[in-house]
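S.K.: What follows is target-v4.pdb, PDB, C-alpha atoms and all ligand atoms.
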ATOM      1  CA  MET A 162       0.000   0.000   0.000
ATOM      2  CA  LEU A 163       2.957   2.367   0.324
ATOM      3  CA  PRO A 164       2.821   3.580  -3.321
ATOM      4  CA  ALA A 165      -0.841   4.423  -2.637
ATOM      5  CA  TYR A 166      -0.238   6.092   0.740
ATOM      6  CA  ILE A 167       2.644   8.388  -0.118
ATOM      7  CA  PRO A 168       0.954  10.347  -2.964
ATOM      8  CA  ASN A 169      -1.494  11.831  -0.455
ATOM      9  CA  SER A 170       1.203  13.116   1.887
ATOM     10  CA  MET A 171       3.389  14.347  -0.960
ATOM     11  CA  ALA A 172       0.446  16.152  -2.581
ATOM     12  CA  ALA A 173       0.093  18.090   0.662
ATOM     13  CA  VAL A 174       3.844  18.864   0.691
ATOM     14  CA  PHE A 175       4.199  19.842  -2.986
ATOM     15  CA  GLY A 176       0.640  20.933  -3.786
ATOM     16  CA  GLY A 177      -0.404  24.458  -4.654
ATOM     17  CA  GLY A 178      -0.724  26.574  -7.748
ATOM     18  CA  ARG A 179      -3.304  26.014 -10.455
ATOM     19  CA  PRO A 180      -6.350  24.053  -9.259
ATOM     20  CA  ILE A 181      -7.382  21.113 -11.475
ATOM     21  CA  ASP A 182     -10.919  22.502 -11.869
ATOM     22  CA  GLY A 183      -9.457  25.830 -13.072
ATOM     23  CA  GLY A 184     -11.646  27.649 -10.548
ATOM     24  CA  ARG A 185     -14.845  26.582 -12.323
ATOM     25  CA  ILE A 186     -18.184  26.518 -10.563
ATOM     26  CA  LEU A 187     -21.068  24.131 -11.272
ATOM     27  CA  LYS A 188     -24.780  25.007 -11.458
ATOM     28  CA  ASP A 189     -25.116  24.434  -7.714
ATOM     29  CA  GLY A 190     -22.869  27.494  -7.224
ATOM     30  CA  ARG A 191     -20.009  25.470  -5.793
ATOM     31  CA  ARG A 192     -16.560  24.624  -7.128
ATOM     32  CA  ILE A 193     -16.138  21.406  -9.134
ATOM     33  CA  LEU A 194     -13.280  20.193  -6.890
ATOM     34  CA  GLY A 195     -11.960  23.220  -4.993
ATOM     35  CA  ASP A 196      -8.551  24.768  -4.399
ATOM     36  CA  GLY A 197      -7.342  21.721  -2.443
ATOM     37  CA  LYS A 198      -6.905  19.688  -5.672
ATOM     38  CA  THR A 199      -4.035  21.038  -7.779
ATOM     39  CA  TYR A 200      -2.018  19.817 -10.779
ATOM     40  CA  ARG A 201       1.203  20.125  -8.831
ATOM     41  CA  GLY A 202      -0.155  17.990  -5.987
ATOM     42  CA  LEU A 203      -1.486  15.410  -8.431
ATOM     43  CA  PHE A 204       1.667  14.980 -10.521
ATOM     44  CA  ALA A 205       4.158  15.285  -7.652
ATOM     45  CA  GLY A 206       2.087  12.807  -5.646
ATOM     46  CA  ILE A 207       1.932  10.233  -8.434
ATOM     47  CA  ALA A 208       5.661  10.619  -9.168
ATOM     48  CA  CYS A 209       6.541  10.099  -5.490
ATOM     49  CA  GLY A 210       4.310   7.015  -5.246
ATOM     50  CA  VAL A 211       5.913   5.423  -8.301
ATOM     51  CA  LEU A 212       9.443   6.305  -7.108
ATOM     52  CA  LEU A 213       8.768   4.831  -3.685
ATOM     53  CA  GLY A 214       7.485   1.631  -5.300
ATOM     54  CA  LEU A 215      10.635   1.377  -7.442
ATOM     55  CA  PHE A 216      12.748   1.955  -4.340
ATOM     56  CA  GLN A 217      10.875  -0.852  -2.573
ATOM     57  CA  MET A 218      11.481  -3.183  -5.526
ATOM     58  CA  LEU A 219      15.186  -2.333  -5.692
ATOM     59  CA  PHE A 220      16.059  -2.338  -2.011
ATOM     60  CA  LEU A 221      13.344  -3.645   0.294
ATOM     61  CA  THR A 222      12.417  -6.795  -1.594
ATOM     62  CA  PRO A 223      16.029  -8.096  -1.756
ATOM     63  CA  ALA A 224      16.642  -7.063   1.878
ATOM     64  CA  SER A 225      13.493  -8.820   3.045
ATOM     65  CA  GLU A 226      14.630 -12.042   1.352
ATOM     66  CA  LEU A 227      17.791 -11.979   3.442
ATOM     67  CA  LEU A 228      15.602 -11.721   6.545
ATOM     68  CA  HIS A 229      13.282 -14.462   5.250
ATOM     69  CA  ILE A 230      10.278 -12.158   5.203
ATOM     70  CA  SER A 231       8.277 -12.333   2.002
ATOM     71  CA  LEU A 232       7.240  -8.962   0.636
ATOM     72  CA  PRO A 233       5.024  -8.871  -2.445
ATOM     73  CA  SER A 234       6.559  -7.925  -5.768
ATOM     74  CA  PHE A 235       5.033  -5.153  -7.875
ATOM     75  CA  SER A 236       4.849  -7.353 -10.952
ATOM     76  CA  GLY A 237       3.514 -10.676 -12.145
ATOM     77  CA  ARG A 238       0.252 -12.264 -13.281
ATOM     78  CA  GLY A 239       0.430 -10.413 -16.577
ATOM     79  CA  SER A 240       1.125  -6.944 -15.166
ATOM     80  CA  THR A 241       4.302  -4.881 -15.290
ATOM     81  CA  THR A 242       5.782  -2.879 -12.419
ATOM     82  CA  MET A 243       4.982   0.443 -14.106
ATOM     83  CA  VAL A 244       1.311  -0.425 -14.646
ATOM     84  CA  ILE A 245       0.883  -1.603 -11.051
ATOM     85  CA  LEU A 246       2.707   1.358  -9.486
ATOM     86  CA  LEU A 247       0.932   3.914 -11.666
ATOM     87  CA  SER A 248      -2.418   2.325 -10.783
ATOM     88  CA  LEU A 249      -1.734   2.373  -7.051
ATOM     89  CA  ALA A 250      -0.405   5.956  -7.065
ATOM     90  CA  SER A 251      -2.849   7.576  -9.484
ATOM     91  CA  GLY A 252      -5.830   5.581  -8.168
ATOM     92  CA  SER A 253      -5.071   6.966  -4.728
ATOM     93  CA  LEU A 254      -5.250  10.605  -5.844
ATOM     94  CA  PHE A 255      -8.195  10.048  -8.200
ATOM     95  CA  GLY A 256     -10.091   8.478  -5.305
ATOM     96  CA  ASP A 257      -9.277  11.576  -3.269
ATOM     97  CA  MET A 258     -10.469  13.869  -6.103
ATOM     98  CA  PHE A 259     -13.664  11.866  -6.562
ATOM     99  CA  LYS A 260     -14.359  12.414  -2.875
ATOM    100  CA  SER A 261     -13.719  16.149  -3.153
ATOM    101  CA  PHE A 262     -16.215  16.330  -6.019
ATOM    102  CA  PHE A 263     -18.924  14.873  -3.744
ATOM    103  CA  LYS A 264     -17.884  16.969  -0.772
ATOM    104  CA  ARG A 265     -18.441  20.095  -2.891
ATOM    105  CA  ARG A 266     -21.832  18.794  -4.063
ATOM    106  CA  LEU A 267     -22.784  18.351  -0.394
ATOM    107  CA  GLY A 268     -21.813  21.983   0.158
ATOM    108  CA  MET A 269     -18.753  21.127   2.240
ATOM    109  CA  LYS A 270     -15.938  23.662   2.075
ATOM    110  CA  ARG A 271     -12.350  22.766   1.242
ATOM    111  CA  GLY A 272     -10.825  20.933   4.167
ATOM    112  CA  ALA A 273     -14.160  20.163   5.866
ATOM    113  CA  SER A 274     -13.947  16.784   7.570
ATOM    114  CA  LEU A 275     -15.860  13.738   6.345
ATOM    115  CA  PRO A 276     -14.899  11.001   8.814
ATOM    116  CA  LEU A 277     -13.880   7.604   7.394
ATOM    117  CA  VAL A 278     -14.417   8.832   3.816
ATOM    118  CA  ASP A 279     -11.385  11.143   4.165
ATOM    119  CA  GLN A 280      -9.402   8.224   5.555
ATOM    120  CA  LEU A 281     -10.376   5.612   2.973
ATOM    121  CA  ASP A 282     -11.052   7.430  -0.331
ATOM    122  CA  PHE A 283      -7.490   6.880  -1.550
ATOM    123  CA  VAL A 284      -7.500   3.205  -0.524
ATOM    124  CA  LEU A 285     -10.650   2.537  -2.541
ATOM    125  CA  GLY A 286      -9.347   4.580  -5.506
ATOM    126  CA  ALA A 287      -6.061   2.672  -5.515
ATOM    127  CA  TRP A 288      -7.869  -0.670  -5.284
ATOM    128  CA  VAL A 289     -10.311   0.126  -8.083
ATOM    129  CA  PHE A 290      -7.559   1.309 -10.457
ATOM    130  CA  THR A 291      -5.319  -1.655  -9.629
ATOM    131  CA  TYR A 292      -8.136  -4.163  -9.882
ATOM    132  CA  LEU A 293      -9.079  -2.819 -13.315
ATOM    133  CA  SER A 294      -5.529  -2.630 -14.691
ATOM    134  CA  SER A 295      -4.064  -5.728 -13.022
ATOM    135  CA  PRO A 296      -6.842  -8.101 -11.888
ATOM    136  CA  GLY A 297      -4.586 -11.162 -11.607
ATOM    137  CA  TRP A 298      -1.962  -9.365  -9.535
ATOM    138  CA  PHE A 299      -4.652  -7.765  -7.389
ATOM    139  CA  ALA A 300      -6.277 -11.106  -6.602
ATOM    140  CA  ILE A 301      -3.104 -12.755  -5.277
ATOM    141  CA  ASN A 302      -1.867  -9.713  -3.327
ATOM    142  CA  PHE A 303      -5.063  -8.283  -1.889
ATOM    143  CA  THR A 304      -6.587 -11.285  -0.206
ATOM    144  CA  ARG A 305      -9.579 -10.809   2.079
ATOM    145  CA  ASP A 306      -7.465 -10.781   5.265
ATOM    146  CA  ILE A 307      -5.079  -8.207   3.832
ATOM    147  CA  MET A 308      -7.939  -5.981   2.728
ATOM    148  CA  VAL A 309      -9.518  -6.126   6.186
ATOM    149  CA  ALA A 310      -6.158  -5.248   7.773
ATOM    150  CA  VAL A 311      -5.726  -2.313   5.383
ATOM    151  CA  LEU A 312      -9.240  -0.996   6.078
ATOM    152  CA  VAL A 313      -8.632  -1.117   9.839
ATOM    153  CA  LEU A 314      -5.054   0.192   9.910
ATOM    154  CA  THR A 315      -5.254   2.932   7.277
ATOM    155  CA  PRO A 316      -7.553   5.348   9.145
ATOM    156  CA  LEU A 317      -5.257   5.160  12.189
ATOM    157  CA  LEU A 318      -2.155   5.704  10.062
ATOM    158  CA  HIS A 319      -3.832   8.513   8.139
ATOM    159  CA  LEU A 320      -4.872  10.368  11.281
ATOM    160  CA  THR A 321      -1.376  10.024  12.743
ATOM    161  CA  THR A 322       0.383  11.341   9.618
ATOM    162  CA  ASN A 323      -2.105  14.187   9.257
ATOM    163  CA  VAL A 324      -1.518  15.360  12.820
ATOM    164  CA  VAL A 325       2.208  15.380  11.997
ATOM    165  CA  GLY A 326       1.457  17.249   8.736
ATOM    166  CA  TYR A 327      -0.552  19.807  10.690
ATOM    167  CA  ILE A 328       2.199  20.317  13.259
ATOM    168  CA  ILE A 329       4.915  20.784  10.612
ATOM    169  CA  GLY A 330       2.628  23.124   8.690
ATOM    170  CA  VAL A 331       1.930  21.302   5.392
ATOM    171  CA  LYS A 332      -1.719  20.641   6.274
ATOM    172  CA  LYS A 333      -4.270  23.241   7.266
ATOM    173  CA  GLU A 334      -6.353  20.828   9.354
ATOM    174  CA  PRO A 335      -5.208  17.930  11.544
ATOM    175  CA  TRP A 336      -7.456  15.430   9.582
TER     176      TRP A 336
HETATM  177  N1  LIG A 401      -3.351  18.599  -2.592
HETATM  178  C1  LIG A 401      -3.105  19.064  -3.885
HETATM  179  N2  LIG A 401      -3.542  18.349  -4.968
HETATM  180  C2  LIG A 401      -4.189  17.165  -4.811
HETATM  181  C3  LIG A 401      -4.448  16.674  -3.510
HETATM  182  C4  LIG A 401      -4.011  17.431  -2.408
HETATM  183  O1  LIG A 401      -2.521  20.143  -4.057
HETATM  184  N3  LIG A 401      -4.576  16.471  -5.910
HETATM  185  C5  LIG A 401      -2.853  19.396  -1.438
HETATM  186  C6  LIG A 401      -3.709  20.650  -1.165
HETATM  187  O2  LIG A 401      -2.849  21.676  -0.752
HETATM  188  C7  LIG A 401      -4.610  20.173  -0.023
HETATM  189  C8  LIG A 401      -3.690  19.273   0.770
HETATM  190  O3  LIG A 401      -2.874  18.646  -0.241
HETATM  191  O4  LIG A 401      -5.101  21.226   0.761
HETATM  192  C9  LIG A 401      -4.401  18.239   1.606
HETATM  193  O5  LIG A 401      -5.184  17.380   0.801
HETATM  194  P1  LIG A 401      -6.687  17.007   1.174
HETATM  195  O6  LIG A 401      -6.877  16.830   2.624
HETATM  196  O7  LIG A 401      -7.072  15.890   0.271
HETATM  197  O8  LIG A 401      -7.475  18.321   0.640
HETATM  198  P2  LIG A 401      -8.416  19.365   1.387
HETATM  199  O9  LIG A 401      -7.733  20.685   1.365
HETATM  200  O10 LIG A 401      -8.857  18.795   2.674
HETATM  201  O11 LIG A 401      -9.669  19.483   0.389
HETATM  202  P3  LIG A 401     -11.004  18.604   0.286
HETATM  203  O12 LIG A 401     -12.002  19.214   1.204
HETATM  204  O13 LIG A 401     -11.369  18.765  -1.154
HETATM  205  O14 LIG A 401     -10.652  17.194   0.635
HETATM  206 MG    MG A 402      -8.730  17.087   3.753
END
Could you spell out this file's structure in C-alpha cells?
M.R.:
Amino acid sequence: MLPAYIPNSMAAVFGGGRPIDGGRILKDGRRILGDGKTYRGLFAGIACGVLLGLFQMLFLTPASELLHISLPSFSGRGSTTMVILLSLASGSLFGDMFKSFFKRRLGMKRGASLPLVDQLDFVLGAWVFTYLSSPGWFAINFTRDIMVAVLVLTPLLHLTTNVVGYIIGVKKEPW
C-alpha cells in the first residue's frame, strides 16, 4: 500500500498553484473540486508514489529475502511494475479527487472533515484502479485478510500522519 499512501502526503507537501478545476463553478454554485486539488499535488504525488514503489522493488524486496520475510513484488500475473505502481499511485489521488467532487456537491468547504471517507477514499481509488488494470496481480496480493487489515489500519495511520502534517505546517487541518 505504500505507493498508494505516499501520494497523499506528498500532494500536501508539494501541492499548490493552479487548481485542477481551473476555478470553475457548477450550477449548484459550488466549485467542481476546490482549491485543495491542484495539478502540482497530483503529478508530484503520483511521481513520489511510483518512485517509492521502485525503491521498494530495488532495495526492500532483496533485503526482506535476506531476513526471510516475504514482501510482495510489484509485478507478475500479466502486469508490469509500471502499470501496477501507476495504478496504485494515481488511483489513490483520483479516489481523493472523486471524494472532493462529492464533498463540494454536499456543500462542504475545502478541508471540511468527512470522517472515514477522508481516511479511505485513496485506498478505494487505488484498489479500483489496480483491480481494473491488473486483476490477476490484485487477486493474489489483496486477499480478504489483507484488505480487512488495510481498512482497519489505514484510518489510524492517516490520522497520525495528518496530525504530523498539521504540526509541521503542510496541512491546514489535523485530519
Ligand atoms: N493537494 C493538492 N492536490 C491534490 C491533492 C491534495 O494540491 N490532488 C494538497 C492541497 O494543498 C490540499 C492538501 O494537499 O489542501 C491536503 O489534501 P486534502 O486533505 O485531500 O485536501 P483538502 O484541502 O482537505 O480538500 P477537500 O475538502 O477537497 O478534501
Ligand atoms: Mg482534507
S.K.: Check which residues satisfy the PyMOL selection byres (((chain A and resi 164-166) around 8) and not hetatm) in the file shown, then give them as a list in words.
M.R.: Met162, Leu163, Ile167, Pro168, Asn169, Ser170, Cys209, Gly210, Val211, Leu213, Gly214, Leu246, Leu249, Ala250, Ser251, Gly252, Ser253, Phe283, Val284 and Ala287 of chain A
S.K.: Residues near A:Ile301, anyone? I mean within 10 Å using only C-alpha atoms, not counting same-chain ones fewer than 6 positions away, as a list in words.
M.R.: Pro233, Gly237 and Arg238 of chain A
S.K.: Taking only C-alpha atoms and all ligand atoms into account, which of A:Val174, A:Leu317, A:Leu293, A:Val278 comes nearest ligand MG 402 (chain A)?
M.R.: A:Val278
S.K.: Taking all atoms listed in the file into account, which residues are within 10 Å of ligand MG 402 (chain A), as a list in words?
M.R.: Asn169, Ala173, Gly197, Lys198, Asp257, Lys260, Ser261, Lys270, Arg271, Gly272, Ala273, Ser274, Leu275, Asp279, Gln280, Asn323, Lys332, Lys333, Glu334, Pro335 and Trp336 of chain A
S.K.: Distance atom CA of A:Met243-atom CA of A:Leu221, one decimal place?
M.R.: 17.1 Å
S.K.: Could the centre and edge lengths of an axis-aligned box, enclosing all atoms of ligand LIG 401 (chain A) in the file with 4 Å extra on each side, be given in Å to one decimal as lines of an AutoDock Vina configuration file?
M.R.:
center_x = -7.3
center_y = 18.8
center_z = -1.6
size_x = 17.5
size_y = 13.8
size_z = 16.6
S.K.: Between atom CA of A:Lys188 and atom CA of A:Phe263, what is the distance, to one decimal in Å?
M.R.: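 Separation of atom CA of A:Lys188 and atom CA of A:Phe263: 14.0 Å.
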S.K.: May I ask for the distance between atom CA of A:Arg185 and atom C8 of ligand LIG 401 (chain A), given in Å to one decimal place?
M.R.: 18.7 Å
